[in-house]
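Next up, protein.cif (mmCIF, C-alpha atoms):
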```cif
data_protein
#
loop_
_atom_site.label_atom_id
_atom_site.label_comp_id
_atom_site.auth_asym_id
_atom_site.auth_seq_id
_atom_site.Cartn_x
_atom_site.Cartn_y
_atom_site.Cartn_z
CA ALA O 19 0.00 0.00 0.00
CA GLN O 20 1.13 3.50 -0.72
CA THR O 21 1.84 5.95 2.07
CA VAL O 22 2.24 9.71 1.98
CA THR O 23 4.10 11.56 4.72
CA GLN O 24 4.07 15.26 5.43
CA SER O 25 6.59 15.75 8.22
CA GLN O 26 5.74 19.37 8.99
CA PRO O 27 2.41 19.70 10.81
CA GLU O 28 2.80 23.49 10.87
CA MET O 29 4.84 26.05 8.98
CA SER O 30 4.90 29.80 8.96
CA VAL O 31 6.24 32.34 6.49
CA GLN O 32 6.51 36.07 6.29
CA GLU O 33 4.43 37.75 3.63
CA ALA O 34 6.38 38.05 0.33
CA GLU O 35 8.88 35.41 1.42
CA THR O 36 9.29 31.87 0.08
CA VAL O 37 8.34 28.70 1.89
CA THR O 38 8.76 25.02 1.06
CA LEU O 39 6.41 22.30 2.27
CA SER O 40 7.76 18.77 2.24
CA CYS O 41 6.12 15.53 1.17
CA THR O 42 7.54 12.06 0.85
CA TYR O 43 5.78 8.95 -0.33
CA ASP O 44 6.36 5.27 -0.50
CA THR O 45 5.39 3.14 -3.48
CA SER O 46 6.65 0.26 -5.55
CA GLU O 47 4.94 1.57 -8.68
CA SER O 48 6.69 3.44 -11.44
CA ASP O 49 3.73 5.26 -12.95
CA TYR O 50 1.69 7.54 -10.73
CA TYR O 51 0.61 11.11 -10.16
CA LEU O 52 1.18 13.50 -7.32
CA PHE O 53 -0.92 16.46 -6.26
CA TRP O 54 -0.94 19.33 -3.83
CA TYR O 55 -4.32 20.52 -2.59
CA LYS O 56 -5.06 23.61 -0.53
CA GLN O 57 -7.77 23.77 2.13
CA PRO O 58 -8.40 27.32 3.36
CA PRO O 59 -10.51 28.05 6.47
CA SER O 60 -13.60 27.82 4.26
CA ARG O 61 -12.87 24.05 4.04
CA GLN O 62 -13.14 24.10 0.24
CA MET O 63 -10.37 21.89 -1.18
CA ILE O 64 -8.66 23.34 -4.23
CA LEU O 65 -6.06 21.81 -6.52
CA VAL O 66 -2.80 23.74 -6.41
CA ILE O 67 -0.53 21.75 -8.69
CA ARG O 68 -0.01 18.26 -10.09
CA GLN O 69 2.99 16.25 -11.29
CA GLU O 70 3.18 13.21 -13.51
CA ALA O 71 5.84 10.77 -12.34
CA TYR O 72 7.13 10.04 -15.82
CA LYS O 73 7.87 13.72 -16.44
CA GLN O 74 11.25 14.86 -15.24
CA GLN O 75 10.41 18.52 -15.51
CA ASN O 76 9.03 20.02 -12.32
CA ALA O 77 5.51 21.42 -12.55
CA THR O 78 4.95 25.15 -12.08
CA GLU O 79 1.77 27.15 -11.62
CA ASN O 80 2.43 30.86 -11.17
CA ARG O 81 3.92 31.29 -7.66
CA PHE O 82 3.67 27.57 -6.93
CA SER O 83 6.27 25.06 -8.04
CA VAL O 84 7.33 21.59 -7.04
CA ASN O 85 10.64 19.86 -6.55
CA PHE O 86 9.99 16.30 -7.65
CA GLN O 87 12.73 13.82 -6.86
CA LYS O 88 11.49 10.45 -8.08
CA ALA O 89 14.41 8.38 -6.80
CA ALA O 90 14.10 9.93 -3.36
CA LYS O 91 10.28 9.72 -3.52
CA SER O 92 10.05 13.34 -2.55
CA PHE O 93 7.55 15.94 -3.77
CA SER O 94 7.94 19.31 -2.08
CA LEU O 95 5.87 22.42 -2.77
CA LYS O 96 7.50 25.83 -3.01
CA ILE O 97 5.39 28.93 -2.60
CA SER O 98 7.11 32.11 -3.75
CA ASP O 99 6.12 35.65 -2.82
CA SER O 100 3.76 34.33 -0.14
CA GLN O 101 0.46 36.14 0.23
CA LEU O 102 -2.00 36.30 3.11
CA GLY O 103 -4.44 34.30 1.01
CA ASP O 104 -1.99 31.40 0.92
CA ALA O 105 -2.73 30.67 4.59
CA ALA O 106 -4.35 27.25 4.58
CA MET O 107 -3.81 23.57 5.20
CA TYR O 108 -1.94 21.91 2.34
CA PHE O 109 -2.30 18.25 1.49
CA CYS O 110 -0.01 16.14 -0.63
CA ALA O 111 -1.77 13.30 -2.49
CA TYR O 112 -0.75 10.21 -4.46
CA ARG O 113 -2.71 8.50 -7.18
CA SER O 114 -1.65 5.35 -8.98
CA SER O 115 -2.10 5.10 -12.73
CA GLU O 116 -3.70 1.72 -12.07
CA GLY O 117 -6.74 1.73 -9.85
CA ALA O 118 -6.95 5.42 -10.49
CA GLY O 119 -9.98 5.83 -8.28
CA LYS O 120 -7.82 5.23 -5.23
CA SER O 121 -6.10 8.22 -3.67
CA THR O 122 -3.82 8.52 -0.66
CA PHE O 123 -3.41 11.82 1.16
CA GLY O 124 -0.85 13.00 3.67
CA ASP O 125 -1.76 14.36 7.09
CA GLY O 126 -1.50 17.95 5.96
CA THR O 127 0.64 20.99 6.77
CA THR O 128 -0.94 24.11 8.20
CA LEU O 129 0.67 27.20 6.70
CA THR O 130 0.47 30.54 8.50
CA VAL O 131 1.39 33.71 6.63
CA LYS O 132 2.52 36.61 8.79
CA PRO O 133 1.95 40.18 7.59
CA GLU A 8 -22.09 26.29 -12.03
CA ALA A 9 -19.94 23.15 -11.91
CA GLN A 10 -20.00 21.78 -8.40
CA VAL A 11 -20.17 18.91 -5.97
CA THR A 12 -23.02 19.30 -3.51
CA GLN A 13 -23.18 17.54 -0.17
CA ASN A 14 -26.07 17.55 2.23
CA PRO A 15 -26.39 18.17 5.05
CA ARG A 16 -23.51 20.49 5.91
CA TYR A 17 -23.87 19.81 9.62
CA LEU A 18 -25.48 16.88 11.40
CA ILE A 19 -25.72 15.81 15.02
CA THR A 20 -27.17 12.37 15.57
CA VAL A 21 -27.34 9.64 18.19
CA THR A 22 -25.54 6.34 18.25
CA GLY A 23 -27.25 3.68 16.15
CA LYS A 24 -29.59 5.92 14.19
CA LYS A 25 -29.13 5.27 10.47
CA LEU A 26 -28.22 8.27 8.39
CA THR A 27 -27.37 9.13 4.79
CA VAL A 28 -25.16 11.93 3.54
CA THR A 29 -25.95 12.78 -0.04
CA CYS A 30 -23.48 13.80 -2.72
CA SER A 31 -24.30 15.00 -6.19
CA GLN A 32 -22.12 16.33 -9.00
CA ASN A 33 -23.18 18.09 -12.19
CA MET A 34 -19.95 17.68 -14.19
CA ASN A 35 -20.66 14.22 -15.65
CA HIS A 36 -17.64 12.86 -13.80
CA GLU A 37 -16.97 9.13 -13.85
CA TYR A 38 -15.08 8.96 -10.55
CA MET A 39 -16.52 9.75 -7.13
CA SER A 40 -15.09 9.28 -3.64
CA TRP A 41 -15.83 9.75 0.01
CA TYR A 42 -13.21 10.87 2.52
CA ARG A 43 -13.15 11.57 6.20
CA GLN A 44 -10.89 14.22 7.67
CA ASP A 45 -9.70 13.96 11.26
CA PRO A 46 -7.13 16.15 13.04
CA GLY A 47 -3.64 14.79 12.57
CA LEU A 48 -4.83 12.07 10.21
CA GLY A 49 -5.38 14.03 7.02
CA LEU A 50 -7.93 12.78 4.52
CA ARG A 51 -8.63 9.08 4.46
CA GLN A 52 -10.55 7.52 1.62
CA ILE A 53 -13.63 5.57 2.69
CA TYR A 54 -15.04 4.32 -0.62
CA TYR A 55 -14.68 5.21 -4.25
CA SER A 56 -16.52 4.53 -7.46
CA MET A 57 -15.08 4.55 -10.94
CA ASN A 58 -18.42 4.17 -12.69
CA VAL A 59 -22.11 3.44 -12.19
CA GLU A 60 -22.65 0.26 -10.17
CA VAL A 61 -18.88 -0.02 -9.52
CA THR A 62 -17.67 0.71 -5.99
CA ASP A 63 -14.48 -0.20 -4.14
CA LYS A 64 -13.26 0.05 -0.58
CA GLY A 65 -10.80 2.72 0.34
CA ASP A 66 -8.62 2.70 3.43
CA VAL A 67 -11.31 3.02 6.11
CA PRO A 68 -14.55 1.42 4.83
CA GLU A 69 -15.71 -0.21 8.08
CA GLY A 70 -19.07 1.07 9.24
CA TYR A 71 -19.96 2.72 5.93
CA LYS A 72 -21.90 1.80 2.82
CA VAL A 73 -22.17 3.48 -0.54
CA SER A 74 -24.10 3.02 -3.75
CA ARG A 75 -23.73 4.39 -7.27
CA LYS A 76 -27.01 3.83 -9.06
CA GLU A 77 -26.69 7.00 -11.10
CA LYS A 78 -23.63 8.73 -12.42
CA ARG A 79 -24.28 11.99 -10.62
CA ASN A 80 -25.08 10.66 -7.12
CA PHE A 81 -22.94 8.85 -4.57
CA PRO A 82 -24.60 8.70 -1.15
CA LEU A 83 -22.73 7.67 1.99
CA ILE A 84 -24.73 5.54 4.40
CA LEU A 85 -23.99 4.94 8.05
CA GLU A 86 -26.24 2.06 9.08
CA SER A 87 -25.43 2.26 12.79
CA PRO A 88 -23.32 5.33 13.53
CA SER A 89 -20.93 5.27 16.45
CA PRO A 90 -19.08 8.11 18.19
CA ASN A 91 -15.81 7.17 16.43
CA GLN A 92 -17.47 8.17 13.17
CA THR A 93 -17.65 11.76 14.35
CA SER A 94 -15.65 13.52 11.66
CA LEU A 95 -15.63 15.92 8.73
CA TYR A 96 -16.68 14.16 5.55
CA PHE A 97 -15.90 15.16 1.99
CA CYS A 98 -17.27 13.90 -1.28
CA ALA A 99 -15.17 14.38 -4.41
CA SER A 100 -15.54 13.72 -8.10
CA SER A 101 -13.25 13.72 -11.10
CA LEU A 102 -13.06 12.72 -14.72
CA ALA A 103 -11.72 9.25 -15.44
CA GLY A 104 -7.95 8.99 -15.26
CA ALA A 105 -5.27 9.18 -12.63
CA ASN A 106 -4.09 12.67 -13.53
CA THR A 107 -7.44 14.38 -13.24
CA GLU A 108 -8.27 17.07 -10.74
CA ALA A 109 -10.62 16.11 -7.93
CA PHE A 110 -13.46 18.52 -7.18
CA PHE A 111 -14.61 18.47 -3.59
CA GLY A 112 -17.88 19.23 -1.90
CA GLN A 113 -18.15 21.70 0.95
CA GLY A 114 -17.88 19.03 3.61
CA THR A 115 -20.31 17.56 6.15
CA ARG A 116 -19.54 17.95 9.83
CA LEU A 117 -21.00 14.87 11.54
CA THR A 118 -21.23 14.46 15.29
CA VAL A 119 -22.42 11.17 16.76
CA VAL A 120 -23.34 11.31 20.45
#
```

Step by step, read the file and then write its structure as structure tokens.
Amino acid sequence: AQTVTQSQPEMSVQEAETVTLSCTYDTSESDYYLFWYKQPPSRQMILVIRQEAYKQQNATENRFSVNFQKAAKSFSLKISDSQLGDAAMYFCAYRSSEGAGKSTFGDGTTLTVKP
Amino acid sequence: EAQVTQNPRYLITVTGKKLTVTCSQNMNHEYMSWYRQDPGLGLRQIYYSMNVEVTDKGDVPEGYKVSRKEKRNFPLILESPSPNQTSLYFCASSLAGANTEAFFGQGTRLTVV
């Protein structure tokens, strides 16, 4: 079974600074997908970014980028120029290419942004 | 508006009283899932469905039932709720495929006393 570990229960960052949230996972599969989701205080889960394991290039979405290290099974999220609206809980998620209905989420990291 | 709708948003019930949490999506998505969110435990998948009449157990299926009779609906049934099922529940849907974005409902806060 796959596992996803987020080792930082809480992180904080100063507004306009950069912060990196870590995620590691364990799998024996070679083809899979990784996601970062954001859950603000409203509870509404929103996709931040996704990465396909067979792509070496790291995904980027505006101020959000990932550092995907397949051999190390690491998938960290970097938020640049942090904004107050980035304050939320962030979840890392794994999805196998087989049995694609099954998803495994990490425990989450609560990010605080200080003005 | 494309959305996943869960009802109710909040529910307090007593141990053993059967309840159903409804979930409906209007995006014609093939995949639907139920999750529970508990402090320190993240989101754990309860059940998922990859198509009508096809359901599979997730990581924590005990005490729950689901059905997928129509593509748009995926109700979660607690036949005999217990206090350890007190949690925040999310329904999600997505297009078929492992790389597709999951769209989540607003969540249902369930308290079993």

Near-Ala111 of chain O list (12 Å; only C-alpha atoms; drop same-chain fewer than 2 positions) as JSON, numbers by chain: {"O": [20, 21, 22, 23, 24, 40, 41, 42, 43, 44, 50, 51, 52, 53, 54, 55, 56, 65, 66, 67, 68, 69, 92, 93, 94, 95, 108, 109, 113, 114, 120, 121, 122, 123, 124, 125, 126], "A": [49, 50, 51, 52, 105, 106, 108, 109]}

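In this structure, atom CA of Ser115 of chain O sits 12.1 Å away from atom CA of Thr45 of chain O.
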
Interatomic distance (Å, one decimal) between atom CA of Arg116 of chain A and atom CA of Ile53 of chain A: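 Spanning atom CA of Arg116 of chain A to atom CA of Ile53 of chain A is a straight-line distance of 15.5 Å.
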
Selection dump of the PyMOL selection byres ((chain A and resi 37) around 7), as JSON, numbers by chain: {"A": [35, 36, 38, 39, 57, 58, 78, 101, 102, 103]}

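Note that the spacing between atom CA of Asp66 of chain A and atom CA of Phe81 of chain A amounts to 17.5 Å.
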
Spatial neighbours of Gly70 of chain A, 10 Å, only C-alpha atoms, chain gap at least 4 places, as a ChimeraX atom specification: /A:53,84-89,91-92

Nearest candidate to Gln32 of chain A (options A:Tyr96, A:Ala9, A:Arg75, A:Glu60; using all atoms listed in the file):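 Using all atoms listed in the file, Gln32 of chain A sits closest to A:Ala9.
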
Which residue of O:Asn76, O:Gln32, O:Asn85, O:Gln57 approaches chain A most closely, using all atoms listed in the file: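 Nearest candidate to chain A out of O:Asn76, O:Gln32, O:Asn85, O:Gln57: O:Gln57.
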
Selection near Pro133 of chain O, 12 Å with all atoms listed in the file, sequence-local residues under 4 positions removed, as JSON, numbers by chain: {"O": [30, 31, 32, 33, 34, 35, 100, 101, 102, 103, 104, 105]}

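The residues returned by the PyMOL selection byres ((chain O and resi 79) around 10) on the shown structure are Val66, Ile67, Arg68, Ala77, Thr78, Asn80, Arg81, Phe82, Ser83, Val84 and Ile97 of chain O.
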
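When only C-alpha atoms are used to measure the gap to chain A, the shortest distance among O:Met63, O:Leu129, O:Pro58, O:Met107 belongs to O:Met63.
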
Nearest to chain A, chosen from O:Ala90, O:Lys73, O:Ser60, O:Thr130, with only C-alpha atoms counted in the distances: O:Ser60
